[in-house]
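Notes to accompany the following structure.
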Amino acid sequence: MNTHQDAMPYDASTTSSNSKWNLHDTQWVLSLFGTAVGAGILFLPINIGIGGFWPLIIMACLAFPMTYLAHRGLARFVLSSKQPEADFTDVVEEHFGINAGRLISLLYFLSIFPILLIYGVGLTNTVDSFIVNQLGMESPPRVLLSGVLVGGMISLMLGGEALMLRAFAILVYPLVAILFFLSIYLIPSWQMPDVSVPEFSGFMKTLWLSIPIIVFSFSHAAAISSFVHVQRAHYGNNAKMKSEAILKRTSLLLIVFVLLFVFSCVLSLSTEQMVQAKADNVSILSFLANITDNSFIATLGPLVAFIAITSSFLGHFLGARESFNGLVSKQAHMNPKLVDKIGTVIMFFAIWYCSVINPSILDMMDQLSGPIIAMILFIMPMIAVYKVPSLHKYRNRLSTLFVLTVGSLAVFALIYSMIK
């Protein structure tokens with residue numbers, strides 16, 4: 001992921017050259033892609049596959065506008081600040097006041113932090129499944145395995161931004177390639193899906209309850225604040241145009257690669273197998289590796305799961321770290337370096353503990369992360385459109401109403417899941 005070191009002073013004479021696509025833009029597309037492709041993508045086929053074929057088709061049609069329009073709205077919100085150096089917490093306090101701003105900042109942290117818990121569980125289960133099923137060894141003590149894995153990922157962050165960027169460069173390129181080849185490789189095993197027309201009310205309910213995990217699976221909201229900051233420093237007045245161009249290409253890349261992967265997985269497995277995969281609490285690739293004798297899938301499946309979760313963990317840890325530091329520093333007026341150390345220790349032990357107790361990953365996505373992300377990514381920026389003068393020009397647009405509706409449906413899905 002690019003850092004503030006990538007930024008350069010803005011020169012109005014470079015406007016025409018800045019409008020051209022360049023390596024800086026491509027690197028950010030891959031960084032945002034790596035942030036989005038994590039546990040959500042690897043569990044998405046299971047959740048959607050259980051619901052049947054037609055919800056998958058509808059969600060495939062909605063995935064691009066949901067992903068691009070929502071992240072574009074959040075980027076516009078961050079760019080609306082009058083402070084060039086403002087991060088997300090600064091922007092919400094500027095537009096919503098100190099108290100409301102801190103509440104929204106807390107929600108922002110809570111939209112990212114549970115994802116780190118999910119990744120800790122997902123990575124531990126992926127490695128444990130590989131050790132047992134592919135290597136034929138005894139399962140190691142979970143408390144030790146999870147501690148080593150979580151500690152290793154956080155160590156990459158503590159090693160400095162240069163080390164983290166090298167890790168991203170190493171992880172994202174093979175992730176894109178292997179994900180694509182695995183999707184193609186599964187095509188011969190596709191089975192004819194059940195295309196019968198489902199009962200309408202049941203179909204709509206399935207579709208509705210699938211929205212939170214779709215929101216979660218394609219989200220790269222954790223990286224948007226730092227992404228926008230770099231584009232503003234790098235492109236100056238062109239930051240909005242370039243940010244939206246990068247986000248559009250990121251969304252297209254996600255939709256093409258991820259939907260091909262999801263369709264390949266769903267068409268290769270039966271509904272009963274999807275139910276079993278959910279019960280096993282493992283990613284779709286680990287499940288495929290366990291039920292086939294194919295050495296190609298057995299090797300690459302867990303490898304992709306490991307790379308995807310690790311790369312996405314890095315991007316989300318950046319967001320969680322930034323939001324925690326900003327929130328606590330302003331609330332407690334503590335030294336930022338001390339806050340950073342305390343936050344890192346707290347997050348390490350929380351992720352480690354969650355990895356040991358092994359809660360249901362899909363339930364965490366459905367009932368916690370998806371709806372909270374929807375509040376921050378879908379609802380809050382659209383409320384700002386009606387409140388912030390510089391964003392008023394986006395009021396009553398179809399795209400604004402679409403994003404607000406999707407976010408509301410995701411939050412209501414959480415409420416329904418809690419009271420049913």
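Labels for the structure tokens follow display order: chains A, B, ..., residues from 1 in each chain, ligands from 1.
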### Task
Pick out the residues sitting within 12 Å of Leu252 in chain A, and hand them over as a PyMOL selection string; count only C-alpha atoms, and ignore anything fewer than 5 positions along from it in its own chain.
chain A and resi 29-30+32-33+63-69+218+245-247+257-259
So that I can see what lies close to Ile224 in chain A, please list as an mmCIF file with N, CA, C and O atoms, in the first residue's frame the residues with an atom at most 9 Å from it, counting only C-alpha atoms and leaving out residues fewer than 2 positions away in the same chain.
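Output contents, as saved in around-v4.cif:
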data_model
loop_
_atom_site.group_PDB
_atom_site.id
_atom_site.type_symbol
_atom_site.label_atom_id
_atom_site.label_comp_id
_atom_site.auth_asym_id
_atom_site.auth_seq_id
_atom_site.Cartn_x
_atom_site.Cartn_y
_atom_site.Cartn_z
ATOM 1 N N LEU A 32 -5.768 -1.527 -2.928
ATOM 2 C CA LEU A 32 -7.175 -1.558 -2.516
ATOM 3 C C LEU A 32 -7.785 -2.927 -2.795
ATOM 4 O O LEU A 32 -8.590 -3.438 -2.012
ATOM 5 N N HIS A 71 -17.946 3.388 -2.049
ATOM 6 C CA HIS A 71 -16.572 3.824 -1.767
ATOM 7 C C HIS A 71 -16.299 5.203 -2.365
ATOM 8 O O HIS A 71 -15.537 5.991 -1.786
ATOM 9 N N LEU A 74 -17.661 7.632 0.187
ATOM 10 C CA LEU A 74 -16.792 7.798 1.356
ATOM 11 C C LEU A 74 -15.564 8.636 0.998
ATOM 12 O O LEU A 74 -15.124 9.481 1.791
ATOM 13 N N ALA A 75 -15.008 8.418 -0.197
ATOM 14 C CA ALA A 75 -13.850 9.205 -0.636
ATOM 15 C C ALA A 75 -14.227 10.682 -0.777
ATOM 16 O O ALA A 75 -13.467 11.577 -0.376
ATOM 17 N N VAL A 78 -14.360 12.273 2.721
ATOM 18 C CA VAL A 78 -13.053 12.595 3.292
ATOM 19 C C VAL A 78 -12.434 13.796 2.570
ATOM 20 O O VAL A 78 -11.822 14.671 3.191
ATOM 21 N N PHE A 88 -9.902 10.485 8.754
ATOM 22 C CA PHE A 88 -11.338 10.266 8.874
ATOM 23 C C PHE A 88 -11.905 10.892 10.149
ATOM 24 O O PHE A 88 -12.957 11.541 10.121
ATOM 25 N N HIS A 220 -13.407 -2.147 0.978
ATOM 26 C CA HIS A 220 -12.032 -1.712 1.220
ATOM 27 C C HIS A 220 -12.065 -0.336 1.890
ATOM 28 O O HIS A 220 -11.177 0.498 1.725
ATOM 29 N N ALA A 221 -13.145 -0.127 2.669
ATOM 30 C CA ALA A 221 -13.350 1.160 3.347
ATOM 31 C C ALA A 221 -12.231 1.482 4.322
ATOM 32 O O ALA A 221 -11.919 2.659 4.548
ATOM 33 N N ALA A 222 -11.606 0.456 4.907
ATOM 34 C CA ALA A 222 -10.557 0.697 5.900
ATOM 35 C C ALA A 222 -9.383 1.477 5.323
ATOM 36 O O ALA A 222 -8.685 2.188 6.053
ATOM 37 N N SER A 226 -6.608 6.804 4.274
ATOM 38 C CA SER A 226 -5.197 6.979 3.909
ATOM 39 C C SER A 226 -5.029 7.094 2.397
ATOM 40 O O SER A 226 -4.177 7.847 1.910
ATOM 41 N N PHE A 227 -5.859 6.373 1.638
ATOM 42 C CA PHE A 227 -5.839 6.457 0.170
ATOM 43 C C PHE A 227 -6.127 7.885 -0.297
ATOM 44 O O PHE A 227 -5.397 8.450 -1.116
ATOM 45 N N VAL A 228 -7.185 8.479 0.229
ATOM 46 C CA VAL A 228 -7.575 9.830 -0.167
ATOM 47 C C VAL A 228 -6.508 10.842 0.245
ATOM 48 O O VAL A 228 -6.190 11.781 -0.502
ATOM 49 N N HIS A 229 -5.937 10.652 1.424
ATOM 50 C CA HIS A 229 -4.889 11.564 1.902
ATOM 51 C C HIS A 229 -3.721 11.589 0.917
ATOM 52 O O HIS A 229 -3.201 12.663 0.580
ATOM 53 N N GLY A 319 -6.154 0.695 8.936
ATOM 54 C CA GLY A 319 -7.346 1.479 9.242
ATOM 55 C C GLY A 319 -7.700 1.439 10.713
ATOM 56 O O GLY A 319 -8.051 2.467 11.319
#
### Task
Name the closest residue to Thr126 in chain A among the candidates A:Tyr394, A:Phe43, A:Phe324, A:Trp208; distances are taken between atoms, counting only C-alpha atoms.
A:Phe43
Find the residues of range 35-104 of chain A that sit at most 12 Å from range 262-275 of chain A; for each, write down the nearest two atoms and how far apart they are in Å, to one decimal. Count only C-alpha atoms. Sort by chain, then by number going up, and give it as a tab-separated table.
residue	atom	partner	partner_atom	distance
A:Gly40	CA	A:Val262	CA	11.2
A:Ile41	CA	A:Val262	CA	8.0
A:Leu42	CA	A:Val262	CA	8.5
A:Phe43	CA	A:Val262	CA	9.3
A:Leu44	CA	A:Val262	CA	7.1
A:Pro45	CA	A:Val262	CA	5.1
A:Ile46	CA	A:Met274	CA	5.3
A:Asn47	CA	A:Met274	CA	7.9
A:Ile48	CA	A:Val266	CA	8.0
A:Gly49	CA	A:Val266	CA	5.4
A:Ile50	CA	A:Thr271	CA	5.5
A:Gly51	CA	A:Thr271	CA	8.4
A:Gly52	CA	A:Thr271	CA	7.7
A:Phe53	CA	A:Val266	CA	8.4
A:Trp54	CA	A:Phe263	CA	11.8
A:Pro55	CA	A:Val266	CA	11.8
A:Leu56	CA	A:Phe263	CA	8.2
A:Ile57	CA	A:Phe263	CA	9.3
A:Met59	CA	A:Val262	CA	11.1
A:Ala60	CA	A:Phe263	CA	9.4
Using only N, CA, C and O atoms, please write the residues we just selected to a file, as a PDB file, in the first residue's frame.
ATOM      1  N   GLY A  40     -13.849 -12.331   3.611  1.00  0.00           N
ATOM      2  CA  GLY A  40     -15.198 -12.167   3.068  1.00  0.00           C
ATOM      3  C   GLY A  40     -15.362 -12.838   1.726  1.00  0.00           C
ATOM      4  O   GLY A  40     -16.344 -13.532   1.468  1.00  0.00           O
ATOM      5  N   ILE A  41     -14.378 -12.634   0.841  1.00  0.00           N
ATOM      6  CA  ILE A  41     -14.428 -13.229  -0.494  1.00  0.00           C
ATOM      7  C   ILE A  41     -14.389 -14.754  -0.405  1.00  0.00           C
ATOM      8  O   ILE A  41     -15.084 -15.456  -1.140  1.00  0.00           O
ATOM      9  N   LEU A  42     -13.585 -15.269   0.513  1.00  0.00           N
ATOM     10  CA  LEU A  42     -13.405 -16.718   0.620  1.00  0.00           C
ATOM     11  C   LEU A  42     -14.608 -17.410   1.256  1.00  0.00           C
ATOM     12  O   LEU A  42     -14.772 -18.622   1.117  1.00  0.00           O
ATOM     13  N   PHE A  43     -15.437 -16.645   1.967  1.00  0.00           N
ATOM     14  CA  PHE A  43     -16.645 -17.222   2.557  1.00  0.00           C
ATOM     15  C   PHE A  43     -17.904 -16.821   1.802  1.00  0.00           C
ATOM     16  O   PHE A  43     -18.974 -17.370   2.045  1.00  0.00           O
ATOM     17  N   LEU A  44     -17.780 -15.869   0.882  1.00  0.00           N
ATOM     18  CA  LEU A  44     -18.924 -15.401   0.108  1.00  0.00           C
ATOM     19  C   LEU A  44     -19.603 -16.521  -0.678  1.00  0.00           C
ATOM     20  O   LEU A  44     -20.841 -16.616  -0.673  1.00  0.00           O
ATOM     21  N   PRO A  45     -18.871 -17.410  -1.373  1.00  0.00           N
ATOM     22  CA  PRO A  45     -19.553 -18.487  -2.107  1.00  0.00           C
ATOM     23  C   PRO A  45     -20.393 -19.381  -1.204  1.00  0.00           C
ATOM     24  O   PRO A  45     -21.444 -19.892  -1.628  1.00  0.00           O
ATOM     25  N   ILE A  46     -19.951 -19.587   0.036  1.00  0.00           N
ATOM     26  CA  ILE A  46     -20.696 -20.439   0.958  1.00  0.00           C
ATOM     27  C   ILE A  46     -22.023 -19.789   1.310  1.00  0.00           C
ATOM     28  O   ILE A  46     -23.090 -20.407   1.204  1.00  0.00           O
ATOM     29  N   ASN A  47     -21.973 -18.539   1.699  1.00  0.00           N
ATOM     30  CA  ASN A  47     -23.181 -17.842   2.132  1.00  0.00           C
ATOM     31  C   ASN A  47     -24.180 -17.685   0.987  1.00  0.00           C
ATOM     32  O   ASN A  47     -25.377 -17.907   1.148  1.00  0.00           O
ATOM     33  N   ILE A  48     -23.677 -17.289  -0.190  1.00  0.00           N
ATOM     34  CA  ILE A  48     -24.548 -17.094  -1.350  1.00  0.00           C
ATOM     35  C   ILE A  48     -25.012 -18.432  -1.909  1.00  0.00           C
ATOM     36  O   ILE A  48     -26.162 -18.589  -2.324  1.00  0.00           O
ATOM     37  N   GLY A  49     -24.111 -19.424  -1.908  1.00  0.00           N
ATOM     38  CA  GLY A  49     -24.450 -20.733  -2.462  1.00  0.00           C
ATOM     39  C   GLY A  49     -25.573 -21.419  -1.713  1.00  0.00           C
ATOM     40  O   GLY A  49     -26.419 -22.095  -2.317  1.00  0.00           O
ATOM     41  N   ILE A  50     -25.607 -21.246  -0.398  1.00  0.00           N
ATOM     42  CA  ILE A  50     -26.674 -21.839   0.403  1.00  0.00           C
ATOM     43  C   ILE A  50     -28.026 -21.240   0.014  1.00  0.00           C
ATOM     44  O   ILE A  50     -29.056 -21.912   0.022  1.00  0.00           O
ATOM     45  N   GLY A  51     -28.025 -19.958  -0.357  1.00  0.00           N
ATOM     46  CA  GLY A  51     -29.271 -19.269  -0.714  1.00  0.00           C
ATOM     47  C   GLY A  51     -29.855 -19.672  -2.047  1.00  0.00           C
ATOM     48  O   GLY A  51     -31.021 -19.379  -2.317  1.00  0.00           O
ATOM     49  N   GLY A  52     -29.053 -20.300  -2.909  1.00  0.00           N
ATOM     50  CA  GLY A  52     -29.558 -20.728  -4.204  1.00  0.00           C
ATOM     51  C   GLY A  52     -28.994 -19.904  -5.350  1.00  0.00           C
ATOM     52  O   GLY A  52     -28.231 -18.954  -5.172  1.00  0.00           O
ATOM     53  N   PHE A  53     -29.394 -20.265  -6.566  1.00  0.00           N
ATOM     54  CA  PHE A  53     -28.814 -19.694  -7.784  1.00  0.00           C
ATOM     55  C   PHE A  53     -29.284 -18.264  -8.052  1.00  0.00           C
ATOM     56  O   PHE A  53     -28.489 -17.389  -8.402  1.00  0.00           O
ATOM     57  N   TRP A  54     -30.568 -17.986  -7.897  1.00  0.00           N
ATOM     58  CA  TRP A  54     -31.108 -16.695  -8.284  1.00  0.00           C
ATOM     59  C   TRP A  54     -30.632 -15.543  -7.400  1.00  0.00           C
ATOM     60  O   TRP A  54     -30.337 -14.450  -7.914  1.00  0.00           O
ATOM     61  N   PRO A  55     -30.522 -15.722  -6.083  1.00  0.00           N
ATOM     62  CA  PRO A  55     -29.901 -14.643  -5.294  1.00  0.00           C
ATOM     63  C   PRO A  55     -28.480 -14.319  -5.755  1.00  0.00           C
ATOM     64  O   PRO A  55     -28.060 -13.163  -5.731  1.00  0.00           O
ATOM     65  N   LEU A  56     -27.761 -15.355  -6.195  1.00  0.00           N
ATOM     66  CA  LEU A  56     -26.409 -15.147  -6.715  1.00  0.00           C
ATOM     67  C   LEU A  56     -26.430 -14.268  -7.962  1.00  0.00           C
ATOM     68  O   LEU A  56     -25.607 -13.353  -8.119  1.00  0.00           O
ATOM     69  N   ILE A  57     -27.382 -14.510  -8.855  1.00  0.00           N
ATOM     70  CA  ILE A  57     -27.495 -13.730 -10.085  1.00  0.00           C
ATOM     71  C   ILE A  57     -27.818 -12.265  -9.771  1.00  0.00           C
ATOM     72  O   ILE A  57     -27.211 -11.338 -10.321  1.00  0.00           O
ATOM     73  N   MET A  59     -27.336 -10.607  -6.944  1.00  0.00           N
ATOM     74  CA  MET A  59     -26.222  -9.967  -6.263  1.00  0.00           C
ATOM     75  C   MET A  59     -25.064  -9.674  -7.220  1.00  0.00           C
ATOM     76  O   MET A  59     -24.345  -8.682  -7.068  1.00  0.00           O
ATOM     77  N   ALA A  60     -24.884 -10.516  -8.224  1.00  0.00           N
ATOM     78  CA  ALA A  60     -23.848 -10.272  -9.233  1.00  0.00           C
ATOM     79  C   ALA A  60     -24.137  -8.979  -9.991  1.00  0.00           C
ATOM     80  O   ALA A  60     -23.218  -8.216 -10.319  1.00  0.00           O
TER      81      ALA A  60
END
### Query
What is the distance, in Å and to one decimal place, between CA of Ser105 in chain A and CA of Ser323 in chain A?
6.8 Å
### Message
So, with only C-alpha atoms as the atoms that count, which of A:Leu318, A:Ile419, A:Met347, A:Ile307 lies closest to Ile170 in chain A?
### Response
A:Ile307
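In terms of minimum interatomic distance to Asn281 in chain A, A:Pro359 ranks closest within A:Gly152, A:Pro193, A:Pro359, A:Pro174, counting only C-alpha atoms.
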### Task
Measuring atom to atom with only C-alpha atoms, identify which of A:Ile211, A:Ile297, A:Ile342, A:Ala350 is nearest to Ser408 in chain A.
A:Ile211
### Query
Which one of A:Val385, A:Leu254, A:Ile131, A:Leu401 sits closest to Leu145 in chain A if you count only C-alpha atoms?
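Smallest distance to Leu145 in chain A is found for A:Ile131.
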### Task
DSSP on the backbone, then: every residue of range 13-170 of chain A marked helix (DSSP H, G or I), written as JSON, numbers by chain.
{"A": [13, 14, 15, 16, 17, 18, 23, 24, 25, 26, 27, 28, 29, 30, 31, 32, 33, 34, 35, 36, 39, 40, 41, 42, 43, 44, 45, 46, 47, 48, 49, 50, 51, 53, 54, 55, 56, 57, 58, 59, 60, 61, 62, 63, 64, 65, 66, 67, 68, 69, 70, 71, 72, 73, 74, 75, 76, 77, 78, 79, 88, 89, 90, 91, 92, 93, 94, 95, 96, 98, 99, 100, 101, 102, 103, 104, 105, 106, 107, 108, 109, 110, 111, 112, 113, 114, 115, 116, 117, 118, 119, 120, 121, 122, 123, 124, 125, 126, 127, 128, 129, 130, 131, 132, 133, 134, 142, 143, 144, 145, 146, 147, 148, 149, 150, 151, 152, 153, 154, 155, 156, 157, 158, 161, 162, 163, 164, 165, 166, 167, 168, 169, 170]}
### Message
For Leu103 in chain A, find every residue with an atom within 10 Å (counting only C-alpha atoms), except residues of its own chain fewer than 5 positions away, and show them as a PyMOL selection string.
### Response
chain A and resi 89+92-93+96+98+108-109+327
